[in-house]
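Have a look at upload-v2.csv; it's CSV, C-alpha atoms and all ligand atoms:
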chain,number,residue,atom,x,y,z
A,19,MET,CA,190.8,117.8,28.3
A,20,LEU,CA,191.6,118.7,24.7
A,21,VAL,CA,191.8,122.4,24.1
A,22,CYS,CA,191.6,123.5,20.5
A,23,ALA,CA,193.7,126.4,19.4
A,24,LEU,CA,191.0,128.7,18.0
A,25,ALA,CA,193.2,131.7,18.4
A,26,THR,CA,192.5,133.1,14.9
A,27,VAL,CA,190.5,136.2,15.1
A,28,ALA,CA,187.0,136.0,13.6
A,29,GLY,CA,185.4,138.9,11.8
A,30,ALA,CA,186.9,142.1,10.5
A,31,GLN,CA,184.7,144.3,12.7
A,32,ILE,CA,186.5,143.4,15.9
A,33,ASP,CA,188.7,146.2,17.2
A,34,PRO,CA,192.4,145.3,17.6
A,35,ARG,CA,192.3,145.5,21.4
A,36,THR,CA,189.5,143.0,21.7
A,37,ALA,CA,191.4,140.8,19.3
A,38,LEU,CA,194.4,140.9,21.6
A,39,VAL,CA,192.2,140.1,24.6
A,40,GLU,CA,190.8,137.1,22.8
A,41,ARG,CA,194.2,135.9,21.8
A,42,ALA,CA,195.3,136.2,25.4
A,43,ALA,CA,192.2,134.3,26.6
A,44,TRP,CA,192.9,131.3,24.3
A,45,ALA,CA,196.5,131.3,25.3
A,46,ALA,CA,195.6,131.3,29.0
A,47,LEU,CA,193.1,128.4,28.4
A,48,ASN,CA,195.7,126.4,26.5
A,49,ALA,CA,198.1,126.9,29.4
A,50,GLY,CA,195.5,125.6,31.9
A,51,LYS,CA,195.1,129.0,33.6
A,52,ALA,CA,191.4,128.9,33.9
A,53,ARG,CA,190.9,131.9,36.1
A,54,ALA,CA,192.9,134.2,33.8
A,55,ALA,CA,191.1,132.8,30.7
A,56,ALA,CA,187.7,133.3,32.3
A,57,ASP,CA,188.5,137.0,33.0
A,58,ALA,CA,189.8,137.6,29.5
A,59,PHE,CA,186.9,135.9,27.8
A,60,ARG,CA,184.5,138.0,30.0
A,61,GLU,CA,186.2,141.1,28.8
A,62,ALA,CA,186.2,140.1,25.2
A,63,ILE,CA,182.5,139.1,25.3
A,64,ALA,CA,181.7,142.6,26.8
A,65,ALA,CA,183.2,144.1,23.6
A,66,ASP,CA,181.9,141.5,21.1
A,67,PRO,CA,178.9,139.8,22.7
A,68,LYS,CA,177.7,138.0,19.5
A,69,ASN,CA,180.9,136.1,19.0
A,70,ALA,CA,179.9,132.4,19.5
A,71,ARG,CA,183.5,131.3,20.0
A,72,LEU,CA,184.1,133.6,22.8
A,73,HIS,CA,181.2,132.0,24.7
A,74,LEU,CA,182.7,128.6,23.8
A,75,GLY,CA,186.0,129.7,25.4
A,76,ALA,CA,184.2,131.1,28.4
A,77,GLY,CA,182.4,127.8,28.8
A,78,MET,CA,185.7,125.9,28.6
A,79,ALA,CA,187.3,128.1,31.2
A,80,ALA,CA,184.3,127.7,33.5
A,81,SER,CA,184.4,123.9,33.0
A,82,LEU,CA,188.1,123.8,33.9
A,83,GLU,CA,187.2,125.7,37.1
A,84,ARG,CA,184.3,123.3,37.7
A,85,ARG,CA,181.7,126.0,37.6
A,86,ASP,CA,179.5,123.5,35.7
A,87,ALA,CA,176.3,125.6,35.6
A,88,ASP,CA,178.2,128.6,34.2
A,89,ALA,CA,179.9,126.3,31.6
A,90,ARG,CA,176.6,124.9,30.5
A,91,ASP,CA,175.0,128.3,30.1
A,92,ALA,CA,178.0,129.6,28.1
A,93,PHE,CA,177.9,126.6,25.7
A,94,GLU,CA,174.2,127.1,25.3
A,95,ARG,CA,174.8,130.8,24.4
A,96,ALA,CA,177.5,129.8,21.9
A,97,LEU,CA,175.1,127.4,20.2
A,98,ALA,CA,172.3,129.9,20.2
A,99,LEU,CA,174.6,132.2,18.2
A,100,ASP,CA,176.1,129.4,16.0
A,101,PRO,CA,174.2,126.1,16.0
A,102,LYS,CA,177.0,124.6,13.8
A,103,LEU,CA,179.7,125.0,16.5
A,104,THR,CA,179.9,121.3,17.1
A,105,GLN,CA,182.7,121.6,19.7
A,106,ALA,CA,180.3,123.6,21.9
A,107,ARG,CA,177.7,120.9,21.5
A,108,THR,CA,180.1,118.1,22.4
A,109,LEU,CA,181.2,120.0,25.5
A,110,LEU,CA,177.6,120.9,26.4
A,111,GLY,CA,176.7,117.2,26.4
A,112,GLN,CA,179.7,116.3,28.6
A,113,ILE,CA,178.9,119.0,31.1
A,114,GLN,CA,175.2,118.0,31.2
A,115,TYR,CA,176.3,114.4,31.9
A,116,ARG,CA,178.8,115.6,34.6
A,117,MET,CA,175.9,117.5,36.2
A,118,GLY,CA,173.8,114.3,36.4
A,119,ASP,CA,171.5,115.3,33.5
A,120,VAL,CA,172.0,112.1,31.5
A,121,GLN,CA,168.8,112.6,29.4
A,122,GLY,CA,169.8,116.2,28.5
A,123,ALA,CA,173.2,115.0,27.6
A,124,MET,CA,171.7,112.3,25.3
A,125,ARG,CA,169.5,114.8,23.6
A,126,THR,CA,172.5,117.1,23.0
A,127,TYR,CA,174.5,114.2,21.5
A,128,GLU,CA,171.5,113.1,19.3
A,129,THR,CA,171.5,116.6,17.8
A,130,LEU,CA,175.3,116.5,17.5
A,131,LEU,CA,175.1,113.2,15.6
A,132,ASP,CA,172.4,114.6,13.3
A,133,LEU,CA,174.8,117.3,12.3
A,134,ALA,CA,178.0,115.1,12.3
A,135,PRO,CA,176.9,111.5,11.7
A,136,ASP,CA,180.5,110.3,11.3
A,137,ASP,CA,181.6,111.3,14.8
A,138,ARG,CA,182.4,107.8,16.0
A,139,GLU,CA,183.5,108.8,19.5
A,140,ALA,CA,180.2,110.7,20.0
A,141,ARG,CA,178.2,107.7,18.9
A,142,ALA,CA,180.1,105.4,21.3
A,143,THR,CA,179.5,107.9,24.1
A,144,LEU,CA,175.8,108.2,23.3
A,145,ASP,CA,175.5,104.4,23.2
A,146,ARG,CA,177.2,104.1,26.6
A,147,TRP,CA,174.9,106.7,28.1
A,148,ARG,CA,171.9,104.9,26.7
A,149,ARG,CA,173.0,101.6,28.3
A,150,GLU,CA,173.5,103.4,31.6
A,151,LEU,CA,170.0,105.0,31.4
A,152,ASP,CA,168.3,101.7,30.5
A,153,LEU,CA,170.1,100.0,33.4
A,154,HIS,CA,169.2,102.7,35.9
A,155,ASP,CA,165.5,102.6,34.7
A,156,ARG,CA,165.4,99.0,35.6
A,157,MET,CA,167.0,99.5,39.0
A,158,GLN,CA,165.2,99.5,42.4
A,159,GLN,CA,166.2,101.9,45.2
A,160,ALA,CA,166.8,101.6,48.9
A,161,VAL,CA,166.4,105.0,50.4
A,162,GLY,CA,168.1,106.1,53.7
A,163,SER,CA,168.3,109.5,55.3
A,164,HIS,CA,171.6,110.4,53.7
A,165,PHE,CA,171.9,108.0,50.8
A,166,THR,CA,169.9,106.4,48.0
A,167,VAL,CA,171.2,103.1,46.9
A,168,SER,CA,170.2,101.8,43.4
A,169,PHE,CA,170.5,98.1,42.6
A,170,GLU,CA,169.3,95.8,39.8
A,171,GLY,CA,167.1,93.0,41.2
A,172,PRO,CA,165.6,91.4,44.2
A,173,ALA,CA,168.8,89.3,44.6
A,174,GLU,CA,170.7,92.5,45.5
A,175,ALA,CA,168.1,93.9,47.9
A,176,GLU,CA,169.9,92.4,51.0
A,177,LEU,CA,173.2,93.8,49.8
A,178,ALA,CA,171.6,97.3,49.2
A,179,ALA,CA,170.2,97.3,52.8
A,180,GLU,CA,173.7,96.3,54.1
A,181,ALA,CA,175.3,99.0,52.0
A,182,LEU,CA,172.9,101.6,53.4
A,183,GLN,CA,173.9,100.6,57.0
A,184,ILE,CA,177.6,100.7,56.2
A,185,LEU,CA,177.2,104.1,54.5
A,186,ASP,CA,175.4,105.5,57.5
A,187,ARG,CA,178.1,104.4,59.8
A,188,ALA,CA,180.7,106.0,57.5
A,189,TYR,CA,178.7,109.2,57.4
A,190,TRP,CA,178.8,109.7,61.1
A,191,ARG,CA,182.3,108.3,61.7
A,192,ILE,CA,184.1,110.3,58.9
A,193,GLY,CA,181.8,113.3,59.3
A,194,GLN,CA,182.8,113.6,63.0
A,195,LEU,CA,186.5,113.2,62.2
A,196,LEU,CA,186.4,116.1,59.6
A,197,GLY,CA,183.7,118.0,61.4
A,198,SER,CA,181.5,118.2,58.4
A,199,TYR,CA,178.3,116.3,57.3
A,200,PRO,CA,177.1,116.5,53.7
A,201,SER,CA,173.4,117.7,53.8
A,202,ASP,CA,172.3,116.6,50.3
A,203,PRO,CA,171.4,113.0,49.8
A,204,ILE,CA,174.2,111.0,48.1
A,205,LYS,CA,173.4,108.7,45.2
A,206,VAL,CA,175.0,105.3,45.2
A,207,VAL,CA,174.7,102.7,42.5
A,208,LEU,CA,175.6,99.0,42.9
A,209,TYR,CA,176.8,97.3,39.6
A,210,THR,CA,178.0,94.0,38.4
A,211,THR,CA,181.7,94.1,37.5
A,212,GLU,CA,180.9,94.2,33.8
A,213,GLN,CA,178.4,97.1,34.1
A,214,PHE,CA,180.8,99.0,36.3
A,215,ARG,CA,183.7,98.7,33.8
A,216,ASP,CA,181.3,99.7,30.9
A,217,ILE,CA,179.8,102.7,32.5
A,218,THR,CA,182.7,104.2,34.4
A,219,ARG,CA,185.5,103.0,32.0
A,220,SER,CA,187.7,102.6,35.1
A,221,PRO,CA,191.0,100.9,35.1
A,222,SER,CA,190.9,97.2,36.0
A,223,TRP,CA,192.3,97.8,39.5
A,224,ALA,CA,189.5,100.2,40.5
A,225,ALA,CA,187.3,99.0,43.3
A,226,GLY,CA,184.8,101.9,43.1
A,227,ALA,CA,184.3,105.3,41.5
A,228,TYR,CA,182.9,108.7,42.4
A,229,ASP,CA,181.8,111.3,39.8
A,230,GLY,CA,179.0,112.9,41.8
A,231,THR,CA,177.5,109.4,42.2
A,232,ILE,CA,179.2,106.6,44.2
A,233,ARG,CA,179.5,103.7,41.8
A,234,VAL,CA,180.6,100.3,43.1
A,235,PRO,CA,181.0,96.9,41.5
A,236,MET,CA,179.6,94.3,43.9
A,237,ARG,CA,182.0,91.4,43.1
A,238,GLY,CA,181.6,88.9,45.9
A,239,ALA,CA,180.7,91.7,48.2
A,240,LEU,CA,178.2,89.8,50.4
A,241,ASP,CA,181.0,87.3,51.3
A,242,LYS,CA,183.5,90.1,52.0
A,243,ARG,CA,181.7,92.6,54.2
A,244,ASP,CA,185.0,94.2,55.3
A,245,GLU,CA,185.9,94.9,51.7
A,246,LEU,CA,182.4,96.5,51.0
A,247,ASP,CA,182.9,98.6,54.1
A,248,ARG,CA,186.3,99.7,53.0
A,249,VAL,CA,185.1,100.6,49.4
A,250,LEU,CA,182.0,102.4,50.5
A,251,SER,CA,183.8,104.4,53.2
A,252,HIS,CA,186.5,105.4,50.7
A,253,GLU,CA,183.9,106.6,48.1
A,254,PHE,CA,181.8,108.4,50.8
A,255,THR,CA,185.0,110.4,51.7
A,256,HIS,CA,185.2,111.5,48.1
A,257,ALA,CA,181.6,112.7,48.3
A,258,LEU,CA,182.3,114.5,51.5
A,259,VAL,CA,185.4,116.2,49.9
A,260,ARG,CA,183.3,117.2,46.9
A,261,SER,CA,180.6,118.8,49.2
A,262,LEU,CA,183.4,120.9,50.7
A,263,ALA,CA,185.3,121.7,47.5
A,264,ALA,CA,184.1,121.0,44.0
A,265,ARG,CA,187.5,122.0,42.6
A,266,GLY,CA,191.1,122.7,43.4
A,267,VAL,CA,191.8,119.6,45.5
A,268,PRO,CA,195.0,117.8,44.5
A,269,ALA,CA,194.5,114.0,43.9
A,270,TRP,CA,197.0,113.0,46.6
A,271,LEU,CA,194.8,114.9,49.2
A,272,ASN,CA,191.5,113.6,47.9
A,273,GLU,CA,192.7,109.9,47.5
A,274,GLY,CA,194.9,110.1,50.6
A,275,LEU,CA,192.0,111.1,52.8
A,276,ALA,CA,189.7,108.5,51.2
A,277,THR,CA,192.3,105.8,51.7
A,278,ALA,CA,193.4,106.9,55.2
A,279,LEU,CA,189.7,107.0,56.4
A,280,GLU,CA,188.4,103.9,54.7
A,281,SER,CA,189.8,101.8,57.6
A,282,GLY,CA,192.1,102.6,60.5
A,283,ASP,CA,194.9,100.3,59.3
A,284,LEU,CA,197.7,101.7,57.0
A,285,LYS,CA,200.3,99.0,57.6
A,286,TRP,CA,200.0,97.9,54.0
A,287,ALA,CA,200.9,101.5,52.9
A,288,GLU,CA,203.9,101.6,55.2
A,289,ALA,CA,205.1,98.2,54.0
A,290,ARG,CA,204.5,99.3,50.4
A,291,MET,CA,206.6,102.5,50.8
A,292,GLU,CA,209.5,100.6,52.4
A,293,HIS,CA,210.2,99.1,49.0
A,294,VAL,CA,210.1,102.3,47.1
A,295,VAL,CA,213.6,103.5,46.6
A,296,SER,CA,213.2,107.1,45.8
A,297,THR,CA,210.8,109.5,47.6
A,298,VAL,CA,207.5,110.2,46.0
A,299,PRO,CA,206.9,114.0,45.6
A,300,LEU,CA,203.3,114.8,46.4
A,301,ARG,CA,203.4,117.4,43.7
A,302,ALA,CA,203.7,114.6,41.1
A,303,LEU,CA,200.4,113.2,42.4
A,304,GLN,CA,198.4,116.3,41.6
A,305,ASN,CA,196.0,114.8,39.0
A,306,GLY,CA,193.8,111.7,39.1
A,307,PHE,CA,195.4,108.2,39.3
A,308,GLY,CA,193.3,106.7,36.5
A,309,ARG,CA,196.2,106.7,34.1
A,310,PHE,CA,198.4,104.6,36.4
A,311,THR,CA,199.2,100.9,36.1
A,312,GLY,CA,198.2,98.8,39.0
A,313,GLU,CA,201.7,98.9,40.5
A,314,GLN,CA,202.0,102.7,40.1
A,315,ALA,CA,198.5,103.2,41.5
A,316,GLN,CA,199.5,101.2,44.7
A,317,ILE,CA,202.4,103.4,45.3
A,318,ALA,CA,200.4,106.6,44.6
A,319,TYR,CA,197.6,105.5,47.0
A,320,ALA,CA,200.1,104.4,49.7
A,321,ALA,CA,202.1,107.7,49.5
A,322,SER,CA,198.9,109.7,49.5
A,323,ALA,CA,197.3,107.8,52.4
A,324,LEU,CA,200.4,108.3,54.6
A,325,ALA,CA,200.6,112.0,53.8
A,326,ALA,CA,196.9,112.4,54.6
A,327,ARG,CA,197.3,110.5,57.9
A,328,ARG,CA,200.2,112.7,58.8
A,329,LEU,CA,198.0,115.8,58.1
A,330,LEU,CA,195.1,114.4,60.2
A,331,GLU,CA,197.4,113.7,63.1
A,332,GLU,CA,199.3,117.0,62.9
A,333,ALA,CA,196.5,119.5,62.0
A,334,GLY,CA,193.3,117.6,62.8
A,335,GLY,CA,190.2,117.0,60.7
A,336,PRO,CA,188.6,120.4,61.1
A,337,ALA,CA,191.8,122.2,59.8
A,338,ILE,CA,191.7,119.9,56.7
A,339,THR,CA,188.0,120.7,56.3
A,340,ASN,CA,188.9,124.5,56.3
A,341,LEU,CA,191.7,123.8,53.8
A,342,LEU,CA,189.3,122.1,51.5
A,343,ARG,CA,186.7,124.9,51.8
A,344,ASP,CA,189.4,127.4,50.9
A,345,LEU,CA,190.4,125.4,47.8
A,346,GLY,CA,186.8,125.2,46.7
A,347,GLU,CA,186.6,128.9,46.9
A,348,GLY,CA,189.5,129.2,44.5
A,349,ILE,CA,192.3,130.1,47.0
A,350,ASP,CA,195.6,128.7,45.7
A,351,PHE,CA,196.9,125.6,47.4
A,352,GLU,CA,200.1,126.9,48.9
A,353,THR,CA,198.4,129.9,50.5
A,354,ALA,CA,195.5,127.9,51.9
A,355,PHE,CA,197.9,125.2,53.2
A,356,LEU,CA,200.1,127.7,55.0
A,357,HIS,CA,197.0,129.4,56.5
A,358,ARG,CA,195.1,126.3,57.6
A,359,ILE,CA,197.9,123.9,58.5
A,360,GLN,CA,200.2,126.5,59.9
A,361,ARG,CA,203.3,125.4,58.0
A,362,SER,CA,204.4,125.6,54.4
A,363,PHE,CA,203.5,122.7,52.0
A,364,ALA,CA,207.2,122.4,51.1
A,365,ASP,CA,208.1,122.0,54.7
A,366,PHE,CA,205.3,119.5,55.3
A,367,GLN,CA,206.4,117.4,52.4
A,368,THR,CA,209.9,116.9,53.8
A,369,THR,CA,208.5,115.2,56.9
A,370,VAL,CA,206.0,112.8,55.4
A,371,PHE,CA,208.1,109.8,54.3
A,401,ZN,ZN,189.4,107.1,45.5

Could you render the structure from this file as structure tokens?
Amino acid sequence: MLVCALATVAGAQIDPRTALVERAAWAALNAGKARAAADAFREAIAADPKNARLHLGAGMAASLERRDADARDAFERALALDPKLTQARTLLGQIQYRMGDVQGAMRTYETLLDLAPDDREARATLDRWRRELDLHDRMQQAVGSHFTVSFEGPAEAELAAEALQILDRAYWRIGQLLGSYPSDPIKVVLYTTEQFRDITRSPSWAAGAYDGTIRVPMRGALDKRDELDRVLSHEFTHALVRSLAARGVPAWLNEGLATALESGDLKWAEARMEHVVSTVPLRALQNGFGRFTGEQAQIAYAASALAARRLLEEAGGPAITNLLRDLGEGIDFETAFLHRIQRSFADFQTTVF
């Protein structure tokens, strides 16, 4: 995420102390310290409640912490105070989209483009959302007890029914392993390969995506049921992790669990890691893998899967579930790990590979 430096102090009426708090808030945000930034913006807003940019900053801090509803409200407050604050409008649209409100996001971007017609990136995003909405309007749905599978035409109906069965099996199998069963229905969309690339903008090696909705390109899925099973189980695990912790989960743990639980067989990962000369520090796999090349991604997934399997064997699924819940509540990783896994993360890392 791009964080603009808006550290200049607006308005002469602000007292010096509030100006200092505001400066500290932007500095914390730029350093990625979301919690400290949120606290500082809250304090600054108490002293200067009509300052639109403080609400913008509060929204950015909330967004970083994945408190999406708080972020949306803060951006809306910023815009009520200053409708020309386009950065708040851009971020409001993105958060609405992330919350699944595609229509709201589109309305926000339409207003944005009325005010800033030359914003090419905004126009491209709006066009992409429009294509997504058109496609989803055309789609049919197969509804199960825990999943809703959307698909385009009658030709995919058989595949959607198959997907529902596979997802239900994954729900019980993986739910039992981790001792947790998501209660809200999970949305799943089956795409053609082209639709999938267009809507998710995933790297070419991606076989599925999860952003609150499970999105899967079908490819030749009907011919390769094992592959469909693997991909859906993987993405379901992400949905389960999200139901336990909406934030704070390192990528290696999230992808590692999804990869270790998609099928029982990790021989490919062991073989892959044998050819890796240096050790892969898990700390380097903190953020998403979307930026990696295919080769790098393979190593990242293999290392993460082996680490997650080790964790499952050593501590068990319920301990991992507790660790995830702690992370979702904002407890820092090292503390939560030590408490739930009963050893330090540094110590755990030395024994993985
Ligand atoms: Zn994944």

* Set the cut-off to 7 Å, count only C-alpha atoms and all ligand atoms, and list whatever residues fall near ligand ZN 401 (chain A) as a PyMOL selection string. => chain A and resi 227+252-253+256+273+276-277

* Of the candidates A:Arg327, A:Arg156, A:Arg215, A:Lys51, which shows the shortest atom-to-atom distance to Phe371 (chain A), using all atoms listed in the file? -> A:Arg327

* To do: In the coordinate frame of the file, compute which residues have an atom within 12 Å of (189.1, 120.2, 63.3) when using only C-alpha atoms, and state them as a PyMOL selection string.
  => chain A and resi 192-198+329-342+358-359

Output file for the residues above (C-alpha atoms, as an mmCIF file, in the frame of the given file):
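To be explicit, this is the file written out as selection38.cif:
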data_model
loop_
_atom_site.group_PDB
_atom_site.id
_atom_site.type_symbol
_atom_site.label_atom_id
_atom_site.label_comp_id
_atom_site.auth_asym_id
_atom_site.auth_seq_id
_atom_site.Cartn_x
_atom_site.Cartn_y
_atom_site.Cartn_z
ATOM 1 C CA ILE A 192 184.100 110.300 58.900
ATOM 2 C CA GLY A 193 181.800 113.300 59.300
ATOM 3 C CA GLN A 194 182.800 113.600 63.000
ATOM 4 C CA LEU A 195 186.500 113.200 62.200
ATOM 5 C CA LEU A 196 186.400 116.100 59.600
ATOM 6 C CA GLY A 197 183.700 118.000 61.400
ATOM 7 C CA SER A 198 181.500 118.200 58.400
ATOM 8 C CA LEU A 329 198.000 115.800 58.100
ATOM 9 C CA LEU A 330 195.100 114.400 60.200
ATOM 10 C CA GLU A 331 197.400 113.700 63.100
ATOM 11 C CA GLU A 332 199.300 117.000 62.900
ATOM 12 C CA ALA A 333 196.500 119.500 62.000
ATOM 13 C CA GLY A 334 193.300 117.600 62.800
ATOM 14 C CA GLY A 335 190.200 117.000 60.700
ATOM 15 C CA PRO A 336 188.600 120.400 61.100
ATOM 16 C CA ALA A 337 191.800 122.200 59.800
ATOM 17 C CA ILE A 338 191.700 119.900 56.700
ATOM 18 C CA THR A 339 188.000 120.700 56.300
ATOM 19 C CA ASN A 340 188.900 124.500 56.300
ATOM 20 C CA LEU A 341 191.700 123.800 53.800
ATOM 21 C CA LEU A 342 189.300 122.100 51.500
ATOM 22 C CA ARG A 358 195.100 126.300 57.600
ATOM 23 C CA ILE A 359 197.900 123.900 58.500
#

* Excluding same-chain residues fewer than 5 positions from Glu40 (chain A), what lies within 7 Å of it counting only C-alpha atoms, as a ChimeraX atom specification? -> /A:58-59,62

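With all atoms listed in the file as the atoms that count, the minimum distance from Gly312 (chain A) to the choices A:Gly122, A:Gly346, A:Gly230, A:Pro221 is reached by A:Pro221.
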
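Proximity to Thr143 (chain A) was assessed for A:Ser220, A:Gln360, A:Thr108, A:Ser168 counting all atoms listed in the file; the smallest distance is recorded for A:Thr108.
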
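For the set A:Arg149, A:Lys68, A:His154, A:Arg248, the residue with the smallest atom-to-atom gap to Leu185 (chain A) is A:Arg248, counting only C-alpha atoms.
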
Output region 191-203 of chain A as a short mmCIF file (atom, residue, chain, number, x, y, z; two decimals), in the coordinates of the input, making sure N, CA, C and O atoms are there.
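Final output, saved to selection12.cif:
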data_model
loop_
_atom_site.label_atom_id
_atom_site.label_comp_id
_atom_site.auth_asym_id
_atom_site.auth_seq_id
_atom_site.Cartn_x
_atom_site.Cartn_y
_atom_site.Cartn_z
N ARG A 191 180.93 108.48 61.27
CA ARG A 191 182.30 108.30 61.70
C ARG A 191 183.24 109.34 61.00
O ARG A 191 183.98 110.08 61.66
N ILE A 192 183.17 109.39 59.68
CA ILE A 192 184.10 110.30 58.90
C ILE A 192 183.64 111.72 59.06
O ILE A 192 184.45 112.63 59.16
N GLY A 193 182.31 111.92 59.10
CA GLY A 193 181.80 113.30 59.30
C GLY A 193 182.31 113.87 60.60
O GLY A 193 182.74 115.03 60.65
N GLN A 194 182.32 113.06 61.66
CA GLN A 194 182.80 113.60 63.00
C GLN A 194 184.28 113.88 62.91
O GLN A 194 184.72 114.89 63.45
N LEU A 195 185.03 113.01 62.26
CA LEU A 195 186.50 113.20 62.20
C LEU A 195 186.82 114.54 61.48
O LEU A 195 187.72 115.27 61.87
N LEU A 196 186.09 114.84 60.41
CA LEU A 196 186.40 116.10 59.60
C LEU A 196 185.50 117.23 60.08
O LEU A 196 185.66 118.35 59.59
N GLY A 197 184.55 116.96 60.97
CA GLY A 197 183.70 118.00 61.40
C GLY A 197 182.79 118.59 60.35
O GLY A 197 182.52 119.78 60.28
N SER A 198 182.31 117.70 59.48
CA SER A 198 181.50 118.20 58.40
C SER A 198 180.56 117.01 57.91
O SER A 198 181.03 115.88 57.75
N TYR A 199 179.28 117.31 57.71
CA TYR A 199 178.30 116.30 57.30
C TYR A 199 177.57 116.76 56.06
O TYR A 199 176.86 117.76 56.12
N PRO A 200 177.75 116.08 54.91
CA PRO A 200 177.10 116.50 53.70
C PRO A 200 175.54 116.53 53.92
O PRO A 200 175.00 115.61 54.53
N SER A 201 174.89 117.59 53.48
CA SER A 201 173.40 117.70 53.80
C SER A 201 172.60 117.12 52.62
O SER A 201 171.53 116.58 52.86
N ASP A 202 173.09 117.18 51.38
CA ASP A 202 172.30 116.60 50.30
C ASP A 202 172.41 115.11 50.25
O ASP A 202 173.49 114.58 50.51
N PRO A 203 171.32 114.42 49.91
CA PRO A 203 171.40 113.00 49.80
C PRO A 203 172.43 112.55 48.72
O PRO A 203 172.53 113.22 47.68
#
